[in-house]
Amino acid sequence: MTQGSLNVISPGAQIGSNLQIGNFNTIGDDVVIGDNCVIHNNVTIFPGSRIGSGVTIFPGAVVGAVPQDLKFKGEVTTAHIGNGTVLRECTTVNRGTASKGKTVVGENCLIMAYTHVAHDCTIGNRVIISNCTQLAGEVVVDDFAVIGGGSLVHQFCHLGKGIMLQGGALVNKDIPPYVKAAREPISFVGLNTVGMSRRGMSREEIDIIHEVYKYLYMSDLNVSNALKLIEERIAPCVLRDEIVDFVVNSGRGVIRSAF
């Protein structure tokens with residue numbers, strides 16, 4: 001391990017091998033940090049933080065601070081940062097509450113500067129969250145989602161797999177998988193076909209997704225009738241069922257079409 005001067009590292013912290021630690025960092029008790037991490041200057045890592053291997057944390061970031069939730073009563077909870085994730089300048093990831101017990105940022109994510117991830121959020125793998133985005137408590141963001149800068153996401157919202165969210169968005173509904181969401185109020189504006197293609201999805205798979213959303217968003221049907229026709233007219237498959245299950249289980253209701 002190589003480190004700069006004037007760091008405060010608790011003897012109760014478990015530090016992996018081959019770390020690079022800059023200057024003026026504070027690493028608390030009950031912290032676990034994996035191998036091959038880079039922790040730049042002026043980073044604060046509070047007790048309860050669990051940081052994987054190959055993580056890079058830029059100056060000013062704060063991991064594992066207590067939740068900004070008045071219901072929090074000091075319970076023992078954690079904040080998890082997955083392998084290979086990058087936390088840019090001044091990001092904050094609070095630890096969980098009694099509700100879920102932990103906040104999780106998945107593997108190989110890019111969390112850009114001044115982003116806030118509140119208590120009990122669950123962020124999937126390979127998610128990109130752009131600068132100054134604010135996620136309220138218990139938000140769920142699935143794998144491969146891309147969130148534009150300056151977005152505000154209401155508590156308990158669920159952002160589906162592979163979505164593309166416009167910068168500056170105000171999100172108060174769930175966003176189903178593979179769509180692009182924009183405008184005010186936040187609405188369906190199309191499919192994230194570029195993102196799907198980049199991840200190697202086939203033309204056939206994209207066509208199935210398009211067919212599902214044709215009924216859900218490009219018809220005059222309400223959600224219940226659209227789901228009924230989807231199940232009647234589209235053969236069962238993983239992608240169809242993934243989207244249907246998301247809509248059926250939506251806690252806040254899904255966004256509507258802009259058209």
# chains A, B, ... in the order shown; residues from 1 in each chain; ligands from 1
>>> residues_around(residues="segment 164-168 of chain A", least_positions_apart="3", cutoff="8 Å", atoms="only C-alpha atoms", output="PDB file with all heavy atoms, in the first residue's frame")
ATOM      1  N   ALA A 145     -28.446   1.092 -16.839  1.00  0.00           N
ATOM      2  CA  ALA A 145     -29.182   2.351 -16.964  1.00  0.00           C
ATOM      3  C   ALA A 145     -28.211   3.515 -17.116  1.00  0.00           C
ATOM      4  O   ALA A 145     -27.107   3.501 -16.565  1.00  0.00           O
ATOM      5  CB  ALA A 145     -30.072   2.570 -15.746  1.00  0.00           C
ATOM      6  N   VAL A 146     -28.645   4.529 -17.862  1.00  0.00           N
ATOM      7  CA  VAL A 146     -27.868   5.765 -18.025  1.00  0.00           C
ATOM      8  C   VAL A 146     -28.766   6.923 -17.613  1.00  0.00           C
ATOM      9  O   VAL A 146     -29.850   7.119 -18.178  1.00  0.00           O
ATOM     10  CB  VAL A 146     -27.402   5.940 -19.479  1.00  0.00           C
ATOM     11  CG1 VAL A 146     -26.642   7.263 -19.631  1.00  0.00           C
ATOM     12  CG2 VAL A 146     -26.526   4.782 -19.913  1.00  0.00           C
ATOM     13  N   ILE A 147     -28.310   7.686 -16.628  1.00  0.00           N
ATOM     14  CA  ILE A 147     -29.108   8.784 -16.074  1.00  0.00           C
ATOM     15  C   ILE A 147     -28.418  10.098 -16.403  1.00  0.00           C
ATOM     16  O   ILE A 147     -27.254  10.308 -16.049  1.00  0.00           O
ATOM     17  CB  ILE A 147     -29.262   8.624 -14.548  1.00  0.00           C
ATOM     18  CG1 ILE A 147     -29.994   7.308 -14.241  1.00  0.00           C
ATOM     19  CG2 ILE A 147     -30.001   9.808 -13.946  1.00  0.00           C
ATOM     20  CD1 ILE A 147     -30.123   7.018 -12.760  1.00  0.00           C
ATOM     21  N   GLY A 148     -29.137  10.990 -17.070  1.00  0.00           N
ATOM     22  CA  GLY A 148     -28.582  12.278 -17.461  1.00  0.00           C
ATOM     23  C   GLY A 148     -28.337  13.186 -16.272  1.00  0.00           C
ATOM     24  O   GLY A 148     -28.956  13.060 -15.210  1.00  0.00           O
ATOM     25  N   GLY A 149     -27.440  14.137 -16.447  1.00  0.00           N
ATOM     26  CA  GLY A 149     -27.015  15.021 -15.371  1.00  0.00           C
ATOM     27  C   GLY A 149     -28.142  15.876 -14.814  1.00  0.00           C
ATOM     28  O   GLY A 149     -29.072  16.269 -15.513  1.00  0.00           O
ATOM     29  N   GLY A 150     -28.046  16.164 -13.525  1.00  0.00           N
ATOM     30  CA  GLY A 150     -28.998  17.050 -12.874  1.00  0.00           C
ATOM     31  C   GLY A 150     -30.375  16.468 -12.694  1.00  0.00           C
ATOM     32  O   GLY A 150     -31.341  17.208 -12.444  1.00  0.00           O
ATOM     33  N   SER A 151     -30.513  15.157 -12.786  1.00  0.00           N
ATOM     34  CA  SER A 151     -31.821  14.533 -12.620  1.00  0.00           C
ATOM     35  C   SER A 151     -32.160  14.382 -11.141  1.00  0.00           C
ATOM     36  O   SER A 151     -31.284  14.192 -10.295  1.00  0.00           O
ATOM     37  CB  SER A 151     -31.851  13.161 -13.296  1.00  0.00           C
ATOM     38  OG  SER A 151     -31.683  13.287 -14.690  1.00  0.00           O
ATOM     39  N   LEU A 152     -33.467  14.450 -10.840  1.00  0.00           N
ATOM     40  CA  LEU A 152     -33.976  14.282  -9.482  1.00  0.00           C
ATOM     41  C   LEU A 152     -34.938  13.105  -9.494  1.00  0.00           C
ATOM     42  O   LEU A 152     -35.916  13.104 -10.244  1.00  0.00           O
ATOM     43  CB  LEU A 152     -34.698  15.538  -9.008  1.00  0.00           C
ATOM     44  CG  LEU A 152     -33.909  16.849  -9.051  1.00  0.00           C
ATOM     45  CD1 LEU A 152     -34.795  18.016  -8.638  1.00  0.00           C
ATOM     46  CD2 LEU A 152     -32.671  16.772  -8.176  1.00  0.00           C
ATOM     47  N   TYR A 178     -35.442  -0.585 -20.985  1.00  0.00           N
ATOM     48  CA  TYR A 178     -35.017  -0.393 -22.375  1.00  0.00           C
ATOM     49  C   TYR A 178     -35.618   0.840 -23.059  1.00  0.00           C
ATOM     50  O   TYR A 178     -35.498   0.974 -24.272  1.00  0.00           O
ATOM     51  CB  TYR A 178     -35.339  -1.639 -23.223  1.00  0.00           C
ATOM     52  CG  TYR A 178     -34.853  -2.917 -22.615  1.00  0.00           C
ATOM     53  CD1 TYR A 178     -35.752  -3.897 -22.174  1.00  0.00           C
ATOM     54  CD2 TYR A 178     -33.494  -3.166 -22.455  1.00  0.00           C
ATOM     55  CE1 TYR A 178     -35.305  -5.075 -21.602  1.00  0.00           C
ATOM     56  CE2 TYR A 178     -33.037  -4.347 -21.873  1.00  0.00           C
ATOM     57  CZ  TYR A 178     -33.949  -5.286 -21.446  1.00  0.00           C
ATOM     58  OH  TYR A 178     -33.499  -6.451 -20.874  1.00  0.00           O
ATOM     59  N   VAL A 179     -36.226   1.741 -22.311  1.00  0.00           N
ATOM     60  CA  VAL A 179     -36.849   2.893 -22.955  1.00  0.00           C
ATOM     61  C   VAL A 179     -35.998   4.148 -22.778  1.00  0.00           C
ATOM     62  O   VAL A 179     -35.093   4.209 -21.940  1.00  0.00           O
ATOM     63  CB  VAL A 179     -38.272   3.153 -22.419  1.00  0.00           C
ATOM     64  CG1 VAL A 179     -39.115   1.889 -22.477  1.00  0.00           C
ATOM     65  CG2 VAL A 179     -38.256   3.734 -21.011  1.00  0.00           C
ATOM     66  N   LYS A 180     -36.315   5.155 -23.589  1.00  0.00           N
ATOM     67  CA  LYS A 180     -35.811   6.499 -23.376  1.00  0.00           C
ATOM     68  C   LYS A 180     -36.920   7.306 -22.711  1.00  0.00           C
ATOM     69  O   LYS A 180     -38.090   7.218 -23.112  1.00  0.00           O
ATOM     70  CB  LYS A 180     -35.408   7.155 -24.700  1.00  0.00           C
ATOM     71  CG  LYS A 180     -34.211   6.512 -25.365  1.00  0.00           C
ATOM     72  CD  LYS A 180     -33.736   7.306 -26.576  1.00  0.00           C
ATOM     73  CE  LYS A 180     -34.760   7.263 -27.693  1.00  0.00           C
ATOM     74  NZ  LYS A 180     -34.248   7.910 -28.937  1.00  0.00           N
ATOM     75  N   ALA A 181     -36.551   8.085 -21.698  1.00  0.00           N
ATOM     76  CA  ALA A 181     -37.534   8.881 -20.963  1.00  0.00           C
ATOM     77  C   ALA A 181     -37.077  10.334 -20.936  1.00  0.00           C
ATOM     78  O   ALA A 181     -35.903  10.623 -20.686  1.00  0.00           O
ATOM     79  CB  ALA A 181     -37.705   8.353 -19.540  1.00  0.00           C
ATOM     80  N   ALA A 182     -38.009  11.242 -21.218  1.00  0.00           N
ATOM     81  CA  ALA A 182     -37.667  12.663 -21.305  1.00  0.00           C
ATOM     82  C   ALA A 182     -38.931  13.492 -21.100  1.00  0.00           C
ATOM     83  O   ALA A 182     -40.006  12.976 -20.824  1.00  0.00           O
ATOM     84  CB  ALA A 182     -37.021  12.974 -22.660  1.00  0.00           C
ATOM     85  N   ARG A 183     -38.779  14.800 -21.247  1.00  0.00           N
ATOM     86  CA  ARG A 183     -39.851  15.797 -21.188  1.00  0.00           C
ATOM     87  C   ARG A 183     -40.345  16.010 -19.755  1.00  0.00           C
ATOM     88  O   ARG A 183     -39.855  15.406 -18.805  1.00  0.00           O
ATOM     89  CB  ARG A 183     -41.001  15.440 -22.129  1.00  0.00           C
ATOM     90  CG  ARG A 183     -40.537  15.278 -23.590  1.00  0.00           C
ATOM     91  CD  ARG A 183     -41.677  15.223 -24.552  1.00  0.00           C
ATOM     92  NE  ARG A 183     -41.199  15.033 -25.915  1.00  0.00           N
ATOM     93  CZ  ARG A 183     -41.980  15.027 -26.977  1.00  0.00           C
ATOM     94  NH1 ARG A 183     -43.290  15.194 -26.856  1.00  0.00           N
ATOM     95  NH2 ARG A 183     -41.464  14.849 -28.176  1.00  0.00           N
ATOM     96  N   ASN A 192     -34.397   2.743 -26.245  1.00  0.00           N
ATOM     97  CA  ASN A 192     -32.960   2.989 -26.209  1.00  0.00           C
ATOM     98  C   ASN A 192     -32.258   1.972 -27.108  1.00  0.00           C
ATOM     99  O   ASN A 192     -31.489   1.120 -26.663  1.00  0.00           O
ATOM    100  CB  ASN A 192     -32.444   2.913 -24.771  1.00  0.00           C
ATOM    101  CG  ASN A 192     -30.976   3.292 -24.667  1.00  0.00           C
ATOM    102  OD1 ASN A 192     -30.403   3.893 -25.579  1.00  0.00           O
ATOM    103  ND2 ASN A 192     -30.367   2.939 -23.549  1.00  0.00           N
TER     104      ASN A 192
END
>>> residues_around(residues="Pro47 of chain A", least_positions_apart="4", cutoff="10 Å", atoms="only C-alpha atoms", output="PyMOL selection string")
chain A and resi 10+12-13+27-32+63-66+76-79+95
>>> write_last_selection(atoms="all heavy atoms", output="short mmCIF file (atom, residue, chain, number, x, y, z; two decimals), in the first residue's frame")
data_model
loop_
_atom_site.label_atom_id
_atom_site.label_comp_id
_atom_site.auth_asym_id
_atom_site.auth_seq_id
_atom_site.Cartn_x
_atom_site.Cartn_y
_atom_site.Cartn_z
N SER A 10 -8.46 4.13 10.80
CA SER A 10 -8.75 3.38 12.02
C SER A 10 -8.06 2.03 11.99
O SER A 10 -8.04 1.34 10.95
CB SER A 10 -10.25 3.21 12.17
OG SER A 10 -10.53 2.27 13.20
N GLY A 12 -9.32 -0.47 13.14
CA GLY A 12 -10.40 -1.41 12.93
C GLY A 12 -10.82 -1.56 11.49
O GLY A 12 -11.72 -2.37 11.18
N ALA A 13 -10.20 -0.81 10.58
CA ALA A 13 -10.51 -0.93 9.16
C ALA A 13 -9.73 -2.10 8.55
O ALA A 13 -8.57 -2.33 8.90
CB ALA A 13 -10.16 0.36 8.44
N ILE A 27 -10.54 7.19 7.14
CA ILE A 27 -11.15 5.88 6.96
C ILE A 27 -11.48 5.34 8.34
O ILE A 27 -10.61 5.15 9.18
CB ILE A 27 -10.19 4.93 6.22
CG1 ILE A 27 -9.87 5.49 4.82
CG2 ILE A 27 -10.79 3.53 6.11
CD1 ILE A 27 -8.83 4.69 4.06
N GLY A 28 -12.79 5.14 8.60
CA GLY A 28 -13.25 4.82 9.94
C GLY A 28 -13.16 3.37 10.31
O GLY A 28 -12.70 2.51 9.53
N ASP A 29 -13.65 3.08 11.51
CA ASP A 29 -13.74 1.72 12.01
C ASP A 29 -14.81 0.96 11.22
O ASP A 29 -15.67 1.56 10.58
CB ASP A 29 -14.12 1.77 13.49
CG ASP A 29 -13.82 0.48 14.22
OD1 ASP A 29 -13.10 -0.37 13.66
OD2 ASP A 29 -14.31 0.32 15.36
N ASP A 30 -14.74 -0.36 11.25
CA ASP A 30 -15.72 -1.21 10.58
C ASP A 30 -15.86 -0.85 9.10
O ASP A 30 -16.96 -0.76 8.54
CB ASP A 30 -17.09 -1.14 11.27
CG ASP A 30 -18.09 -2.14 10.71
OD1 ASP A 30 -17.65 -3.21 10.22
OD2 ASP A 30 -19.30 -1.83 10.70
N VAL A 31 -14.73 -0.62 8.46
CA VAL A 31 -14.67 -0.38 7.02
C VAL A 31 -13.89 -1.53 6.39
O VAL A 31 -12.88 -1.97 6.93
CB VAL A 31 -13.98 0.97 6.71
CG1 VAL A 31 -13.65 1.08 5.22
CG2 VAL A 31 -14.86 2.12 7.14
N VAL A 32 -14.38 -1.99 5.24
CA VAL A 32 -13.66 -3.03 4.48
C VAL A 32 -13.39 -2.48 3.09
O VAL A 32 -14.31 -2.03 2.40
CB VAL A 32 -14.48 -4.33 4.38
CG1 VAL A 32 -13.72 -5.37 3.55
CG2 VAL A 32 -14.78 -4.89 5.77
N VAL A 63 -18.45 8.26 1.67
CA VAL A 63 -19.11 6.96 1.60
C VAL A 63 -19.51 6.54 3.02
O VAL A 63 -18.69 6.61 3.94
CB VAL A 63 -18.20 5.89 0.98
CG1 VAL A 63 -18.90 4.54 0.94
CG2 VAL A 63 -17.77 6.31 -0.42
N GLY A 64 -20.75 6.09 3.17
CA GLY A 64 -21.17 5.48 4.42
C GLY A 64 -21.61 6.42 5.52
O GLY A 64 -21.75 5.99 6.68
N ALA A 65 -21.85 7.69 5.20
CA ALA A 65 -22.39 8.59 6.22
C ALA A 65 -23.78 8.14 6.63
O ALA A 65 -24.49 7.46 5.87
CB ALA A 65 -22.42 10.03 5.69
N VAL A 66 -24.21 8.54 7.83
CA VAL A 66 -25.52 8.11 8.31
C VAL A 66 -26.61 8.70 7.40
O VAL A 66 -26.44 9.75 6.79
CB VAL A 66 -25.76 8.54 9.76
CG1 VAL A 66 -24.76 7.86 10.68
CG2 VAL A 66 -25.71 10.04 9.92
N VAL A 76 -27.36 -0.46 13.04
CA VAL A 76 -26.14 -0.85 12.33
C VAL A 76 -26.51 -1.21 10.89
O VAL A 76 -27.25 -2.17 10.65
CB VAL A 76 -25.44 -2.03 13.02
CG1 VAL A 76 -24.22 -2.47 12.21
CG2 VAL A 76 -25.03 -1.65 14.43
N THR A 77 -26.01 -0.44 9.95
CA THR A 77 -26.30 -0.65 8.53
C THR A 77 -25.02 -0.45 7.73
O THR A 77 -23.99 -0.05 8.27
CB THR A 77 -27.40 0.31 8.04
OG1 THR A 77 -26.97 1.66 8.29
CG2 THR A 77 -28.73 0.06 8.76
N THR A 78 -25.11 -0.67 6.41
CA THR A 78 -23.91 -0.64 5.58
C THR A 78 -24.14 0.12 4.28
O THR A 78 -25.26 0.37 3.87
CB THR A 78 -23.42 -2.06 5.26
OG1 THR A 78 -24.51 -2.80 4.70
CG2 THR A 78 -22.91 -2.76 6.50
N ALA A 79 -23.02 0.46 3.65
CA ALA A 79 -23.02 1.03 2.29
C ALA A 79 -22.00 0.24 1.48
O ALA A 79 -20.84 0.12 1.89
CB ALA A 79 -22.65 2.50 2.31
N ARG A 95 -25.35 5.23 4.04
CA ARG A 95 -25.65 3.84 4.36
C ARG A 95 -27.16 3.67 4.60
O ARG A 95 -27.92 4.62 4.57
CB ARG A 95 -24.83 3.35 5.54
CG ARG A 95 -24.96 4.08 6.85
CD ARG A 95 -23.91 3.50 7.81
NE ARG A 95 -23.82 4.20 9.08
CZ ARG A 95 -24.46 3.83 10.19
NH1 ARG A 95 -25.27 2.78 10.16
NH2 ARG A 95 -24.30 4.50 11.31
#
>>> residues_around(residues="Met112 of chain A", least_positions_apart="4", cutoff="9 Å", atoms="only C-alpha atoms", output="compact mmCIF listing (two decimals) with N, CA, C and O atoms, in the first residue's frame")
# COMPACT_ATOMS: atom_id res chain seq x y z
N VAL A 86 -16.38 3.60 -10.11
CA VAL A 86 -15.70 4.89 -9.96
C VAL A 86 -16.67 5.88 -9.34
O VAL A 86 -17.77 6.09 -9.85
N LEU A 87 -16.26 6.48 -8.23
CA LEU A 87 -17.00 7.57 -7.61
C LEU A 87 -16.24 8.86 -7.86
O LEU A 87 -15.12 9.03 -7.37
N ARG A 88 -16.83 9.76 -8.64
CA ARG A 88 -16.14 11.01 -8.95
C ARG A 88 -16.30 12.02 -7.83
O ARG A 88 -16.85 11.74 -6.76
N GLU A 89 -15.78 13.23 -8.06
CA GLU A 89 -15.63 14.22 -7.01
C GLU A 89 -16.94 14.53 -6.29
O GLU A 89 -17.98 14.76 -6.91
N CYS A 90 -16.86 14.51 -4.95
CA CYS A 90 -17.95 14.98 -4.07
C CYS A 90 -19.23 14.16 -4.20
O CYS A 90 -20.31 14.65 -3.86
N THR A 91 -19.13 12.93 -4.68
CA THR A 91 -20.29 12.06 -4.60
C THR A 91 -20.53 11.64 -3.15
O THR A 91 -19.59 11.57 -2.35
N ILE A 128 -24.49 4.23 -15.34
CA ILE A 128 -23.84 5.54 -15.44
C ILE A 128 -24.81 6.58 -14.90
O ILE A 128 -25.94 6.70 -15.39
N ILE A 129 -24.37 7.31 -13.89
CA ILE A 129 -25.17 8.39 -13.31
C ILE A 129 -24.38 9.68 -13.49
O ILE A 129 -23.29 9.83 -12.93
N SER A 130 -24.92 10.61 -14.26
CA SER A 130 -24.18 11.82 -14.61
C SER A 130 -24.24 12.86 -13.50
O SER A 130 -25.01 12.75 -12.55
N ASN A 131 -23.43 13.90 -13.66
CA ASN A 131 -23.17 14.90 -12.63
C ASN A 131 -24.45 15.47 -12.00
O ASN A 131 -25.43 15.75 -12.69
N CYS A 132 -24.37 15.67 -10.69
CA CYS A 132 -25.38 16.42 -9.92
C CYS A 132 -26.74 15.73 -9.86
O CYS A 132 -27.75 16.36 -9.52
N THR A 133 -26.80 14.45 -10.15
CA THR A 133 -28.05 13.71 -10.00
C THR A 133 -28.28 13.40 -8.53
O THR A 133 -27.35 13.11 -7.78
N GLY A 149 -27.44 14.14 -16.45
CA GLY A 149 -27.02 15.02 -15.37
C GLY A 149 -28.14 15.88 -14.81
O GLY A 149 -29.07 16.27 -15.51
>>> select_by_dssp(residues="segment 5-252 of chain A", states="alpha helix (DSSP H)", output="JSON, numbers by chain")
{"A": [193, 194, 195, 196, 197, 198, 203, 204, 205, 206, 207, 208, 209, 210, 211, 212, 213, 214, 215, 216, 217, 223, 224, 225, 226, 227, 228, 229, 230, 231, 232, 233, 238, 239, 240, 241, 242, 243, 244, 245, 246, 247, 248]}
>>> residues_around(residues="segment 220-227 of chain A", least_positions_apart="4", cutoff="12 Å", atoms="only C-alpha atoms", output="PyMOL selection string")
chain A and resi 211-216+231-234+240-241+243-248+250+253-257+259
>>> atom_distance(atom1="atom CA of Val62 of chain A", atom2="atom CA of Val105 of chain A")
13.5 Å
>>> atom_distance(atom1="atom CA of Thr85 of chain A", atom2="atom CA of Val189 of chain A")
29.5 Å
>>> residues_around(residues="Phe144 of chain A", least_positions_apart="2", cutoff="12 Å", atoms="only C-alpha atoms", output="VMD selection string")
chain A and resid 106 to 110 123 to 129 141 to 142 146 to 147 159 to 165 177 to 179 192 195 to 196 198 to 199
>>> residues_around(residues="His80 of chain A", least_positions_apart="2", cutoff="8 Å", atoms="only C-alpha atoms", output="list of chain:residue names")
A:Ser49, A:Arg50, A:Ile51, A:Gly52, A:Thr78, A:Gly82, A:Lys102, A:Thr103, A:Val104, A:Val105, A:Gly106
>>> atom_distance(atom1="atom CA of Gly16 of chain A", atom2="atom CA of Asn41 of chain A")
18.1 Å
>>> residues_around(residues="Asn7 of chain A", least_positions_apart="4", cutoff="12 Å", atoms="only C-alpha atoms", output="PyMOL selection string")
chain A and resi 2-3+21-28+39-45
>>> select_by_dssp(residues="segment 76-234 of chain A", states="strand (DSSP E or B)", output="PyMOL selection string")
chain A and resi 78-81+86-87+92-93+102-105+110-111+116-117+122-123+128-129+134-135+140-141+146-147+152-153+158-159+164-165+170-171+174-175+179-182+187-191
>>> decode(residues="segment 136-145 of chain A", atoms="all heavy atoms", output="JSON list (two decimals), in the first residue's frame")
[["chain", "number", "residue", "atom", "x", "y", "z"],
["A", 136, "ALA", "N", -33.27, 9.88, -4.24],
["A", 136, "ALA", "CA", -33.85, 9.84, -2.91],
["A", 136, "ALA", "C", -33.83, 8.41, -2.37],
["A", 136, "ALA", "O", -33.39, 7.47, -3.04],
["A", 136, "ALA", "CB", -35.27, 10.39, -2.95],
["A", 137, "GLY", "N", -34.32, 8.24, -1.14],
["A", 137, "GLY", "CA", -34.23, 6.96, -0.47],
["A", 137, "GLY", "C", -34.96, 5.84, -1.19],
["A", 137, "GLY", "O", -36.02, 6.02, -1.78],
["A", 138, "GLU", "N", -34.36, 4.67, -1.17],
["A", 138, "GLU", "CA", -34.95, 3.42, -1.65],
["A", 138, "GLU", "C", -35.26, 3.41, -3.14],
["A", 138, "GLU", "O", -36.13, 2.68, -3.61],
["A", 138, "GLU", "CB", -36.17, 3.04, -0.81],
["A", 138, "GLU", "CG", -35.82, 2.92, 0.67],
["A", 138, "GLU", "CD", -36.91, 2.31, 1.52],
["A", 138, "GLU", "OE1", -37.47, 1.26, 1.12],
["A", 138, "GLU", "OE2", -37.19, 2.86, 2.59],
["A", 139, "VAL", "N", -34.54, 4.22, -3.89],
["A", 139, "VAL", "CA", -34.63, 4.16, -5.35],
["A", 139, "VAL", "C", -33.89, 2.91, -5.83],
["A", 139, "VAL", "O", -32.85, 2.53, -5.29],
["A", 139, "VAL", "CB", -34.02, 5.42, -5.98],
["A", 139, "VAL", "CG1", -33.76, 5.25, -7.47],
["A", 139, "VAL", "CG2", -34.93, 6.62, -5.74],
["A", 140, "VAL", "N", -34.44, 2.27, -6.85],
["A", 140, "VAL", "CA", -33.79, 1.11, -7.49],
["A", 140, "VAL", "C", -33.45, 1.48, -8.93],
["A", 140, "VAL", "O", -34.31, 1.98, -9.67],
["A", 140, "VAL", "CB", -34.71, -0.12, -7.47],
["A", 140, "VAL", "CG1", -34.07, -1.28, -8.22],
["A", 140, "VAL", "CG2", -35.03, -0.53, -6.03],
["A", 141, "VAL", "N", -32.20, 1.26, -9.30],
["A", 141, "VAL", "CA", -31.74, 1.49, -10.68],
["A", 141, "VAL", "C", -31.15, 0.19, -11.19],
["A", 141, "VAL", "O", -30.19, -0.32, -10.61],
["A", 141, "VAL", "CB", -30.70, 2.62, -10.76],
["A", 141, "VAL", "CG1", -30.29, 2.86, -12.21],
["A", 141, "VAL", "CG2", -31.23, 3.91, -10.13],
["A", 142, "ASP", "N", -31.72, -0.36, -12.24],
["A", 142, "ASP", "CA", -31.28, -1.66, -12.74],
["A", 142, "ASP", "C", -30.04, -1.53, -13.65],
["A", 142, "ASP", "O", -29.65, -0.44, -14.04],
["A", 142, "ASP", "CB", -32.41, -2.35, -13.49],
["A", 142, "ASP", "CG", -33.55, -2.77, -12.56],
["A", 142, "ASP", "OD1", -33.30, -2.94, -11.35],
["A", 142, "ASP", "OD2", -34.69, -2.92, -13.05],
["A", 143, "ASP", "N", -29.46, -2.67, -13.99],
["A", 143, "ASP", "CA", -28.22, -2.74, -14.77],
["A", 143, "ASP", "C", -28.31, -1.92, -16.06],
["A", 143, "ASP", "O", -29.36, -1.84, -16.70],
["A", 143, "ASP", "CB", -27.92, -4.19, -15.17],
["A", 143, "ASP", "CG", -27.67, -5.10, -13.98],
["A", 143, "ASP", "OD1", -27.51, -4.61, -12.86],
["A", 143, "ASP", "OD2", -27.63, -6.33, -14.20],
["A", 144, "PHE", "N", -27.18, -1.34, -16.42],
["A", 144, "PHE", "CA", -26.97, -0.66, -17.71],
["A", 144, "PHE", "C", -27.78, 0.63, -17.87],
["A", 144, "PHE", "O", -27.81, 1.19, -18.97],
["A", 144, "PHE", "CB", -27.27, -1.60, -18.89],
["A", 144, "PHE", "CG", -26.45, -2.85, -18.90],
["A", 144, "PHE", "CD1", -27.02, -4.08, -18.61],
["A", 144, "PHE", "CD2", -25.10, -2.80, -19.21],
["A", 144, "PHE", "CE1", -26.26, -5.24, -18.62],
["A", 144, "PHE", "CE2", -24.33, -3.95, -19.22],
["A", 144, "PHE", "CZ", -24.91, -5.17, -18.93],
["A", 145, "ALA", "N", -28.45, 1.09, -16.84],
["A", 145, "ALA", "CA", -29.18, 2.35, -16.96],
["A", 145, "ALA", "C", -28.21, 3.52, -17.12],
["A", 145, "ALA", "O", -27.11, 3.50, -16.57],
["A", 145, "ALA", "CB", -30.07, 2.57, -15.75]]
